[in-house]
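Structure file input_38.txt; described as compact mmCIF, C-alpha atoms.
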```txt
# COMPACT_ATOMS: atom_id res chain seq x y z
CA TYR A 18 -191.14 10.49 235.60
CA ALA A 19 -189.76 9.15 232.39
CA GLU A 20 -187.65 11.41 230.25
CA ILE A 21 -188.46 11.22 226.55
CA LEU A 22 -185.36 11.47 224.41
CA HIS A 23 -186.13 12.31 220.78
CA ILE A 24 -183.20 11.41 218.55
CA ARG A 25 -183.10 11.87 214.75
CA MET A 26 -180.07 11.17 212.62
CA MET A 27 -177.55 12.04 215.30
CA ILE A 28 -174.09 10.75 216.22
CA LEU A 29 -172.01 7.72 215.29
CA ARG A 30 -173.55 7.28 211.85
CA SER A 31 -170.43 5.44 210.73
CA LEU A 32 -170.89 2.71 213.32
CA PHE A 33 -174.22 1.51 211.96
CA LEU A 34 -175.37 -0.41 208.95
CA PRO A 35 -175.99 1.75 205.88
CA LYS A 36 -179.60 2.93 205.88
CA ALA A 37 -180.08 3.22 202.11
CA GLY A 38 -180.96 -0.45 201.68
CA LEU A 39 -183.15 -0.75 204.77
CA SER A 40 -186.90 -1.16 204.74
CA SER A 41 -189.10 1.76 205.82
CA SER A 42 -189.79 0.02 209.16
CA ALA A 43 -186.08 -0.51 209.76
CA ARG A 44 -185.35 3.15 208.93
CA ARG A 45 -187.98 4.21 211.45
CA ALA A 46 -186.25 2.04 214.08
CA PHE A 47 -183.13 4.21 213.81
CA THR A 48 -185.07 7.34 214.85
CA THR A 49 -187.58 5.95 217.36
CA SER A 50 -187.88 7.91 220.59
CA LEU A 51 -186.41 6.36 223.72
CA SER A 52 -188.00 6.57 227.17
CA LEU A 53 -185.52 7.11 230.00
CA ARG A 54 -185.68 7.76 233.72
CA PRO A 55 -183.03 8.30 236.43
CA LEU A 56 -181.37 5.21 237.86
CA PRO A 57 -183.13 3.73 240.90
CA SER A 58 -181.94 5.36 244.14
CA GLY A 59 -179.06 6.94 242.25
CA PRO A 60 -177.81 10.44 241.53
CA THR A 61 -179.29 12.26 238.57
CA HIS A 62 -176.12 13.75 237.06
CA PHE A 63 -175.34 10.52 235.16
CA GLY A 64 -176.87 7.19 234.20
CA ARG A 65 -180.39 6.35 233.04
CA GLU A 66 -182.76 3.37 233.01
CA VAL A 67 -184.10 2.59 229.54
CA LEU A 68 -187.78 1.68 229.59
CA ASN A 69 -189.60 -0.91 227.49
CA VAL A 70 -186.76 -1.94 225.18
CA ASP A 71 -186.23 -5.61 224.32
CA LEU A 72 -182.60 -5.97 223.21
CA ALA A 73 -183.55 -9.12 221.29
CA SER A 74 -185.69 -7.06 218.94
CA PRO A 75 -184.47 -6.87 215.32
CA ASN A 76 -185.65 -3.23 215.20
CA LEU A 77 -183.75 -1.56 218.02
CA PRO A 78 -183.72 2.27 218.16
CA VAL A 79 -179.98 2.13 217.55
CA GLU A 80 -179.09 5.80 217.26
CA ALA A 81 -181.22 6.68 220.27
CA ILE A 82 -179.52 4.02 222.41
CA VAL A 83 -175.99 4.94 221.34
CA SER A 84 -176.66 8.66 221.81
CA ALA A 85 -178.15 8.03 225.24
CA LEU A 86 -175.08 6.07 226.33
CA TYR A 87 -172.70 8.88 225.39
CA GLU A 88 -175.00 11.45 227.01
CA HIS A 89 -175.44 9.61 230.32
CA GLY A 90 -172.48 7.20 230.57
CA VAL A 91 -174.45 4.22 231.96
CA LEU A 92 -177.66 2.60 230.72
CA LEU A 93 -179.76 0.02 232.58
CA PHE A 94 -182.04 -2.34 230.66
CA ARG A 95 -184.36 -4.51 232.81
CA ASN A 96 -185.92 -7.86 231.89
CA GLN A 97 -183.28 -9.16 229.47
CA SER A 98 -183.10 -12.75 230.82
CA HIS A 99 -184.16 -14.19 227.47
CA LEU A 100 -181.18 -12.87 225.49
CA THR A 101 -179.00 -15.39 223.70
CA PRO A 102 -175.22 -14.93 223.41
CA LEU A 103 -175.72 -14.00 219.77
CA GLU A 104 -178.16 -11.24 220.75
CA GLU A 105 -175.81 -9.94 223.46
CA MET A 106 -172.97 -9.79 220.95
CA ARG A 107 -175.20 -8.06 218.41
CA PHE A 108 -175.95 -5.34 220.95
CA ALA A 109 -172.27 -4.88 221.89
CA GLN A 110 -171.32 -4.55 218.23
CA LEU A 111 -173.49 -1.44 217.90
CA PHE A 112 -170.61 0.38 219.61
CA THR A 113 -166.98 0.88 218.68
CA HIS A 114 -165.08 -2.41 218.59
CA GLN A 115 -162.41 -4.27 216.64
CA PRO A 116 -163.77 -7.16 214.53
CA ASP A 117 -160.89 -9.44 215.60
CA ASP A 118 -162.19 -9.31 219.17
CA ILE A 119 -165.55 -10.82 218.22
CA GLY A 120 -163.73 -14.12 218.07
CA GLY A 121 -161.76 -13.52 221.25
CA GLY A 122 -158.69 -11.57 220.18
CA GLN A 123 -157.57 -9.22 222.95
CA SER A 124 -161.11 -8.77 224.21
CA TYR A 125 -160.51 -10.33 227.59
CA THR A 126 -157.69 -10.38 230.06
CA GLY A 127 -157.82 -10.84 233.77
CA GLY A 128 -156.59 -7.78 235.59
CA ALA A 129 -158.15 -9.05 238.80
CA GLY A 130 -158.70 -12.69 237.91
CA THR A 131 -159.17 -14.98 234.94
CA GLN A 132 -162.72 -15.43 233.70
CA HIS A 133 -164.18 -18.35 231.79
CA ARG A 134 -165.40 -17.61 228.28
CA LEU A 135 -168.19 -19.21 226.26
CA PRO A 136 -166.53 -21.56 223.73
CA ASN A 137 -168.55 -20.38 220.74
CA TYR A 138 -168.62 -16.74 221.86
CA PRO A 139 -165.16 -16.08 223.30
CA SER A 140 -165.81 -12.37 223.82
CA ILE A 141 -168.48 -13.30 226.39
CA ALA A 142 -167.01 -14.11 229.79
CA LEU A 143 -168.68 -15.33 232.95
CA VAL A 144 -167.88 -13.39 236.12
CA GLY A 145 -168.85 -13.98 239.73
CA SER A 146 -169.13 -16.96 242.08
CA TYR A 147 -170.81 -19.79 240.21
CA HIS A 148 -171.03 -23.36 238.95
CA VAL A 149 -172.41 -23.88 235.45
CA LYS A 150 -172.93 -27.11 233.51
CA ASN A 151 -173.10 -27.04 229.71
CA PHE A 152 -174.01 -23.35 229.65
CA TYR A 153 -173.80 -22.73 225.92
CA GLY A 154 -171.09 -25.38 225.83
CA LEU A 155 -169.26 -24.28 229.01
CA THR A 156 -168.97 -26.34 232.19
CA ALA A 157 -167.02 -24.43 234.82
CA GLU A 158 -166.99 -23.10 238.34
CA SER A 159 -165.48 -20.10 240.08
CA PRO A 160 -165.22 -19.29 243.79
CA GLY A 161 -165.17 -15.57 242.97
CA VAL A 162 -162.30 -13.11 242.83
CA TYR A 163 -162.83 -10.84 245.83
CA ASN A 164 -163.20 -13.36 248.65
CA ASP A 165 -160.46 -11.85 250.82
CA TRP A 166 -161.64 -8.27 250.48
CA HIS A 167 -162.67 -6.12 253.41
CA PRO A 168 -166.40 -5.26 253.14
CA ASN A 169 -165.50 -1.65 252.29
CA GLN A 170 -162.71 -2.43 249.82
CA ARG A 171 -162.95 -0.74 246.45
CA ALA A 172 -160.98 -1.18 243.20
CA TRP A 173 -161.90 1.64 240.83
CA HIS A 174 -161.00 1.15 237.19
CA CYS A 175 -161.90 1.59 233.55
CA ASP A 176 -161.82 -1.83 231.91
CA GLY A 177 -158.66 -2.98 230.17
CA LEU A 178 -156.80 0.28 230.77
CA ALA A 179 -153.63 -1.28 232.20
CA ASP A 180 -152.80 -3.81 229.47
CA THR A 181 -154.92 -3.24 226.36
CA ASN A 182 -154.37 -0.71 223.58
CA PRO A 183 -156.74 0.70 222.68
CA PRO A 184 -158.75 -0.22 225.77
CA PRO A 185 -162.43 -1.09 225.53
CA ASP A 186 -164.94 1.74 225.36
CA LEU A 187 -168.13 -0.26 225.94
CA THR A 188 -168.62 -2.84 228.69
CA THR A 189 -171.85 -4.79 229.17
CA MET A 190 -172.84 -7.00 232.07
CA ARG A 191 -176.01 -9.11 232.28
CA CYS A 192 -177.26 -10.68 235.50
CA LEU A 193 -178.11 -14.40 235.45
CA GLN A 194 -177.95 -15.12 239.19
CA THR A 195 -177.69 -12.70 242.10
CA PRO A 196 -177.34 -13.23 245.86
CA SER A 197 -179.99 -12.21 248.36
CA ARG A 198 -177.76 -9.36 249.53
CA GLY A 199 -174.51 -7.73 248.47
CA GLY A 200 -172.84 -8.09 245.10
CA GLU A 201 -173.39 -4.52 243.97
CA THR A 202 -171.41 -2.88 241.20
CA ILE A 203 -170.66 0.77 241.98
CA PHE A 204 -170.36 3.48 239.34
CA ALA A 205 -169.12 7.08 239.38
CA SER A 206 -169.19 9.75 236.70
CA SER A 207 -165.71 10.45 235.37
CA VAL A 208 -167.10 13.68 233.92
CA LYS A 209 -168.06 14.85 237.41
CA ALA A 210 -164.65 13.72 238.68
CA ALA A 211 -163.01 15.93 236.05
CA GLU A 212 -165.13 18.89 237.19
CA LEU A 213 -163.99 18.33 240.79
CA LEU A 214 -160.25 17.94 240.21
CA PRO A 215 -158.36 19.77 242.98
CA ASP A 216 -156.61 22.98 241.92
CA SER A 217 -153.64 22.00 244.07
CA LEU A 218 -152.52 19.08 241.89
CA ASP A 219 -148.97 19.47 240.62
CA PRO A 220 -148.29 18.82 237.79
CA PRO A 221 -151.60 20.04 236.28
CA PRO A 222 -153.86 17.05 235.51
CA GLU A 223 -154.31 17.96 231.85
CA ASP A 224 -150.53 17.70 231.37
CA VAL A 225 -150.33 14.23 232.92
CA ARG A 226 -150.28 10.76 231.49
CA ILE A 227 -150.42 7.75 233.80
CA ASN A 228 -148.21 4.71 233.26
CA TYR A 229 -150.09 1.53 234.17
CA ARG A 230 -148.92 -2.05 234.62
CA LEU A 231 -150.41 -5.36 235.76
CA PHE A 232 -148.11 -6.19 238.66
CA GLY A 233 -147.41 -9.71 239.86
CA LYS A 234 -148.34 -8.87 243.46
CA TYR A 235 -149.84 -5.71 244.92
CA GLU A 236 -152.11 -4.23 247.58
CA ILE A 237 -154.93 -1.85 246.70
CA ALA A 238 -155.63 1.07 249.02
CA ARG A 239 -158.99 0.69 250.76
CA GLU A 240 -160.50 3.61 248.82
CA GLY A 241 -159.58 1.73 245.64
CA THR A 242 -157.97 4.33 243.37
CA ASN A 243 -154.31 3.45 243.87
CA LEU A 244 -151.79 0.91 245.13
CA LEU A 245 -150.00 0.82 248.48
CA TRP A 246 -147.21 -1.42 247.20
CA ALA A 247 -146.49 -3.59 244.19
CA GLN A 248 -143.82 -5.92 242.88
CA GLY A 249 -143.04 -7.98 239.81
CA SER A 250 -145.09 -8.21 236.65
CA LYS A 251 -148.04 -10.45 235.89
CA GLY A 252 -146.54 -10.76 232.41
CA SER A 253 -143.58 -12.63 233.94
CA THR A 254 -145.67 -15.16 235.87
CA ASP A 255 -147.49 -18.37 234.94
CA ALA A 256 -150.48 -16.14 234.16
CA ALA A 257 -148.61 -14.26 231.40
CA TRP A 258 -151.01 -15.74 228.82
CA ASP A 259 -153.73 -13.62 230.49
CA VAL A 260 -151.95 -10.32 229.80
CA ASN A 261 -152.15 -8.38 226.54
CA LEU A 262 -149.31 -5.89 227.08
CA ALA A 263 -146.88 -6.99 229.78
CA ALA A 264 -145.02 -3.66 229.61
CA GLY A 265 -148.22 -1.83 230.47
CA THR A 266 -149.85 1.22 228.93
CA THR A 267 -149.58 4.99 229.02
CA VAL A 268 -152.88 6.90 229.07
CA PRO A 269 -153.84 10.57 229.57
CA LEU A 270 -155.57 11.28 232.86
CA VAL A 271 -157.87 13.98 231.45
CA VAL A 272 -159.47 13.04 228.14
CA ARG A 273 -161.89 14.35 225.56
CA GLU A 274 -164.59 11.73 224.94
CA ARG A 275 -164.78 11.56 221.17
CA HIS A 276 -168.53 11.25 220.58
CA SER A 277 -169.87 13.65 223.19
CA GLY A 278 -166.88 16.02 223.40
CA LYS A 279 -167.06 15.81 227.20
CA ARG A 280 -164.07 16.43 229.45
CA SER A 281 -163.57 13.33 231.54
CA LEU A 282 -161.06 11.26 233.49
CA VAL A 283 -159.98 7.70 232.81
CA GLY A 284 -158.11 5.59 235.31
CA SER A 285 -157.29 2.35 237.06
CA TYR A 286 -155.67 1.40 240.35
CA HIS A 287 -152.78 -0.34 238.50
CA VAL A 288 -150.62 2.81 238.74
CA ALA A 289 -146.87 2.45 238.09
CA SER A 290 -145.69 6.04 237.56
CA ILE A 291 -146.55 9.39 235.99
CA SER A 292 -145.10 11.16 232.97
CA LEU A 293 -146.00 14.40 231.24
CA MET A 294 -147.73 14.62 227.89
CA GLU A 295 -144.66 16.38 226.45
CA ASP A 296 -142.20 13.69 227.54
CA ALA A 297 -140.58 11.36 225.03
CA PRO A 298 -141.72 7.72 225.30
CA ASP A 299 -138.33 6.63 226.66
CA ALA A 300 -137.94 9.51 229.12
CA PRO A 301 -137.83 8.63 232.83
CA PRO A 302 -141.12 9.25 234.69
CA ARG A 303 -141.67 12.54 236.50
CA LEU A 304 -143.29 10.82 239.50
CA GLY A 305 -142.24 7.39 240.71
CA PHE A 306 -144.49 4.71 242.19
CA GLU A 307 -145.24 6.25 245.60
CA GLU A 308 -145.67 9.85 244.43
CA ALA A 309 -147.72 8.77 241.43
CA ASN A 310 -150.11 6.72 243.53
CA ARG A 311 -150.60 9.60 245.98
CA TYR A 312 -151.28 11.94 243.05
CA VAL A 313 -153.88 9.61 241.54
CA ALA A 314 -155.63 9.16 244.89
CA ASP A 315 -155.84 12.95 245.35
CA ALA A 316 -157.11 13.45 241.80
CA TRP A 317 -160.01 10.99 242.08
CA ARG A 318 -161.07 11.52 245.71
CA PRO A 319 -163.54 14.44 245.25
CA GLY A 320 -165.35 12.73 242.38
CA LEU A 321 -165.84 9.51 244.36
CA ALA A 322 -167.66 11.04 247.32
CA ASP A 323 -170.42 8.69 248.45
CA ASP A 324 -173.27 11.00 247.46
CA LEU A 325 -171.99 11.02 243.86
CA LEU A 326 -172.03 7.23 243.43
CA TYR A 327 -174.56 4.87 241.91
CA LYS A 328 -174.62 1.49 243.67
CA HIS A 329 -176.39 -0.93 241.38
CA GLN A 330 -178.20 -3.71 243.20
CA TRP A 331 -178.55 -6.36 240.53
CA GLN A 332 -181.80 -8.07 239.58
CA VAL A 333 -181.90 -11.17 237.39
CA GLY A 334 -182.34 -10.01 233.80
CA ASP A 335 -180.59 -6.66 234.24
CA LEU A 336 -178.22 -5.65 231.46
CA VAL A 337 -176.02 -2.65 232.26
CA ALA A 338 -173.96 -1.01 229.54
CA TRP A 339 -171.42 1.74 230.13
CA SER A 340 -168.72 3.79 228.45
CA ASN A 341 -165.30 3.39 230.05
CA ARG A 342 -164.50 6.93 228.86
CA LEU A 343 -167.35 8.48 230.86
CA VAL A 344 -167.66 6.38 234.02
CA ILE A 345 -165.42 4.43 236.35
CA HIS A 346 -166.60 1.42 238.34
CA THR A 347 -165.70 -1.05 241.06
CA ALA A 348 -166.79 -4.48 242.18
CA THR A 349 -167.57 -5.14 245.85
CA SER A 350 -166.53 -7.77 248.36
CA THR A 351 -168.06 -11.26 248.32
CA VAL A 352 -168.19 -11.32 252.14
CA ALA A 353 -171.85 -10.25 252.24
CA TYR A 354 -173.00 -13.23 250.16
CA LYS A 355 -170.55 -15.97 251.07
CA GLY A 356 -171.87 -19.34 249.89
CA GLU A 357 -174.36 -17.83 247.43
CA SER A 358 -174.08 -17.66 243.64
CA ARG A 359 -173.52 -14.50 241.65
CA LEU A 360 -173.31 -14.97 237.89
CA HIS A 361 -173.05 -12.43 235.08
CA THR A 362 -172.07 -12.44 231.45
CA ARG A 363 -169.70 -9.66 230.47
CA ILE A 364 -168.54 -8.29 227.12
CA ARG A 365 -165.75 -5.85 226.41
CA MET A 366 -163.85 -5.45 223.16
CA ARG A 367 -161.04 -3.12 222.16
CA SER A 368 -162.28 0.11 220.66
CA GLN A 369 -161.25 1.36 217.26
CA PRO A 370 -158.01 3.40 217.42
CA GLU A 371 -159.87 6.66 216.87
CA ASP A 372 -161.93 5.92 220.01
CA ALA A 373 -158.88 5.43 222.25
CA PRO A 374 -158.58 7.83 225.22
CA MET A 375 -157.43 11.13 223.69
CA PRO A 376 -155.92 13.95 225.75
CA TRP A 377 -158.15 16.91 226.54
CA LYS A 378 -155.39 19.29 225.43
CA THR A 379 -154.58 18.84 221.76
```
This entry written out as structure tokens:
Amino acid sequence: YAEILHIRMMILRSLFLPKAGLSSSARRAFTTSLSLRPLPSGPTHFGREVLNVDLASPNLPVEAIVSALYEHGVLLFRNQSHLTPLEEMRFAQLFTHQPDDIGGGQSYTGGAGTQHRLPNYPSIALVGSYHVKNFYGLTAESPGVYNDWHPNQRAWHCDGLADTNPPPDLTTMRCLQTPSRGGETIFASSVKAAELLPDSLDPPPEDVRINYRLFGKYEIAREGTNLLWAQGSKGSTDAAWDVNLAAGTTVPLVVRERHSGKRSLVGSYHVASISLMEDAPDAPPRLGFEEANRYVADAWRPGLADDLLYKHQWQVGDLVAWSNRLVIHTATSTVAYKGESRLHTRIRMRSQPEDAPMPWKT
């Protein structure tokens, strides 16, 4: 059964175009009801499918869509194959972003691997295993990033967290080609993960900030929340051009999502060490590499139980949008679809400073 979400003049008013000069039909578009239903074969505590919305429409129910994203964390829009890059960018710009990133800026770096970008829309990257010829001016091919992964390997992360400040809030992915099997993207609610934090964690999670870094070489634990070993810095390699902040970032583990007020976790497997919120920036970390990675694994484990996950099986035309403050996600191994194409566009832009991950305790 579809849920009917009635939204009138709600949150994020400052992100939208001023309404005073809009036509009566455009003003109605801001307050149109939105039909939602739970994600297919997924849990019901987060995520929704949006019904009967064409993202190419000039009269999108903007406030309803934005409010739904911050209520549910993930939104799925079917049948969006016809979107142009301009229309994808228009949708992404409904959410917090920095204007410099529309033209590329720090919108894209390759934590896992470098992605090709559309020449005239450099904030739109192609991800997957593909060969394209003159696709909006881009001719390129990629064998995929996760070809050597075990079928059960995971790599949980919030986009851009390890080398971008402020990191992206919104990420969108749109499916252009999908294999006959495999290729899922898996999501978990970071809000639920915050609810399930173990009481035994020491230091207390709300007092913790995680120090992240893009290492030159590393091995991800099979469960995907932490590293087993790491060395060097990607910022000191030939791929340094693909790193925003070579020194890494420092981010609270437990955050207050600005628009919804929800208590949530943010994280990435690129863990270097742990400090406390009260520590000076130049103070030595409280937990070094090994202890920090064990701590992070323990913190996330309850919230990533299999029955809490949404495993999205892509269909051509799907557009999935999510908040990196409310959900965490992972790609999956290419083993299941070796030799087949998987192609998506993806957009992520730095948020405005006020939308950066803020500590729950203020």
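For the residues A:Arg226, A:Ser290, A:Val162, A:Gly284, ranking by smallest atom-to-atom distance to Ala247 in chain A using all atoms listed in the file places A:Ser290 first.
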Once you count all atoms listed in the file, what closest atom pair and distance in Å to one decimal does each residue of range 275-344 of chain A within 8 Å of range 165-187 of chain A have, with rows by chain and rising residue number, as CSV?
```
residue,atom,partner,partner_atom,distance
A:Val283,CA,A:Cys175,CA,6.4
A:Gly284,CA,A:His174,CA,5.6
A:Ser285,CA,A:His174,CA,3.9
A:Tyr286,CA,A:His174,CA,6.2
A:His287,CA,A:Ala179,CA,6.4
A:Ala338,CA,A:Leu187,CA,6.9
A:Trp339,CA,A:Leu187,CA,5.7
A:Ser340,CA,A:Leu187,CA,4.8
A:Asn341,CA,A:Asp186,CA,5.0
A:Arg342,CA,A:Asp186,CA,6.3
A:Val344,CA,A:Cys175,CA,7.5
```
For the residues selected in the previous step, produce a file with C-alpha atoms as a short mmCIF file (atom, residue, chain, number, x, y, z; two decimals), keeping the file's coordinate frame.
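Now in result-v1.cif:
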```cif
data_model
loop_
_atom_site.label_atom_id
_atom_site.label_comp_id
_atom_site.auth_asym_id
_atom_site.auth_seq_id
_atom_site.Cartn_x
_atom_site.Cartn_y
_atom_site.Cartn_z
CA VAL A 283 -159.98 7.70 232.81
CA GLY A 284 -158.11 5.59 235.31
CA SER A 285 -157.29 2.35 237.06
CA TYR A 286 -155.67 1.40 240.35
CA HIS A 287 -152.78 -0.34 238.50
CA ALA A 338 -173.96 -1.01 229.54
CA TRP A 339 -171.42 1.74 230.13
CA SER A 340 -168.72 3.79 228.45
CA ASN A 341 -165.30 3.39 230.05
CA ARG A 342 -164.50 6.93 228.86
CA VAL A 344 -167.66 6.38 234.02
#
```
Query - Residues within 12 Å of Glu307 in chain A, only C-alpha atoms, excluding chain neighbours under 3 positions, as a list of chain:residue names - result: A:Asn243, A:Leu244, A:Leu245, A:Trp246, A:Ala247, A:Val288, A:Ala289, A:Ser290, A:Ile291, A:Arg303, A:Leu304, A:Asn310, A:Arg311, A:Tyr312, A:Val313, A:Ala314
Suppose we keep C-alpha atoms; can you now write the selection as a PDB file, in the coordinates of the input?
```
ATOM      1  CA  ASN A 243    -154.310   3.450 243.870  1.00  0.00           C
ATOM      2  CA  LEU A 244    -151.790   0.910 245.130  1.00  0.00           C
ATOM      3  CA  LEU A 245    -150.000   0.820 248.480  1.00  0.00           C
ATOM      4  CA  TRP A 246    -147.210  -1.420 247.200  1.00  0.00           C
ATOM      5  CA  ALA A 247    -146.490  -3.590 244.190  1.00  0.00           C
ATOM      6  CA  VAL A 288    -150.620   2.810 238.740  1.00  0.00           C
ATOM      7  CA  ALA A 289    -146.870   2.450 238.090  1.00  0.00           C
ATOM      8  CA  SER A 290    -145.690   6.040 237.560  1.00  0.00           C
ATOM      9  CA  ILE A 291    -146.550   9.390 235.990  1.00  0.00           C
ATOM     10  CA  ARG A 303    -141.670  12.540 236.500  1.00  0.00           C
ATOM     11  CA  LEU A 304    -143.290  10.820 239.500  1.00  0.00           C
ATOM     12  CA  ASN A 310    -150.110   6.720 243.530  1.00  0.00           C
ATOM     13  CA  ARG A 311    -150.600   9.600 245.980  1.00  0.00           C
ATOM     14  CA  TYR A 312    -151.280  11.940 243.050  1.00  0.00           C
ATOM     15  CA  VAL A 313    -153.880   9.610 241.540  1.00  0.00           C
ATOM     16  CA  ALA A 314    -155.630   9.160 244.890  1.00  0.00           C
TER      17      ALA A 314
END
```
Query - Straight-line distance linking CA of Leu53 in chain A with CA of Glu66 in chain A, stated in Å to one decimal - result: 5.5 Å
Requested in this report: Compare A:Pro160, A:Gly278, A:Gly241, A:Pro269 by their minimum atom-to-atom distance to Pro221 in chain A, counting only C-alpha atoms, and give me the closest one.
Outcome: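 Checking each candidate against Pro221 in chain A, we get A:Pro269 as the closest.
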Query - For Leu92 in chain A, the nearest of the candidates A:His148, A:His329, A:His114, A:Lys251, counting only C-alpha atoms - result: A:His329
Report task. Kindly indicate which residue among A:Leu111, A:Val91, A:Ala85, A:Ala373 lies nearest to His346 in chain A, using all atoms listed in the file for the distances. Result -> A:Val91
Query raised in the report: When you draw a straight line from CA of Tyr235 in chain A to CA of Thr349 in chain A, how long is it in Å?
Result: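 Separating CA of Tyr235 in chain A from CA of Thr349 in chain A is a distance of 17.8 Å.
Atom pair CA of Asp372 in chain A / CA of Ser253 in chain A: separated by 29.6 Å.
With all atoms listed in the file as the atoms that count, the residue of A:Met106, A:Gly200, A:Gln115, A:Lys279 with the shortest distance to Ala142 in chain A is A:Met106.
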Centre and edges of the range 274-285 of chain A box, axis-aligned, 8 Å extra per side, as AutoDock Vina command-line options:
```
--center_x -163.6 --center_y 9.4 --center_z 228.8 --size_x 28.6 --size_y 30.1 --size_z 32.5
```
Requested in this report: Measuring atom to atom with only C-alpha atoms, identify which of A:Ser58, A:Asn96, A:Thr113, A:Thr189 is nearest to Leu143 in chain A.
Outcome: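 Selected residue with least distance to Leu143 in chain A: A:Thr189.
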Report task. In the coordinate frame of the file, compute which residues have an atom within 8 Å of (-170.9, -16.3, 243.4) when using all atoms listed in the file, and state them as a ChimeraX atom specification. Result -> /A:145-147,159-161,195-196,351,354-360
**Report entry** Arg318 in chain A surroundings by all atoms listed in the file, 9 Å radius, close-in-sequence under 4 positions cut, as a ChimeraX atom specification
**Finding:** /A:210,213-214,240,242,313-314,322
Excluding Thr362 in chain A and any residue of its chain fewer than 2 positions from it, enumerate the residues within 7 Å of it, using only C-alpha atoms, and give them as a PDB file with C-alpha atoms, keeping the file's coordinate frame.
```pdb
ATOM      1  CA  ILE A 141    -168.480 -13.300 226.390  1.00  0.00           C
ATOM      2  CA  ALA A 142    -167.010 -14.110 229.790  1.00  0.00           C
ATOM      3  CA  LEU A 143    -168.680 -15.330 232.950  1.00  0.00           C
ATOM      4  CA  VAL A 144    -167.880 -13.390 236.120  1.00  0.00           C
ATOM      5  CA  MET A 190    -172.840  -7.000 232.070  1.00  0.00           C
ATOM      6  CA  ARG A 191    -176.010  -9.110 232.280  1.00  0.00           C
ATOM      7  CA  CYS A 192    -177.260 -10.680 235.500  1.00  0.00           C
ATOM      8  CA  ILE A 364    -168.540  -8.290 227.120  1.00  0.00           C
TER       9      ILE A 364
END
```
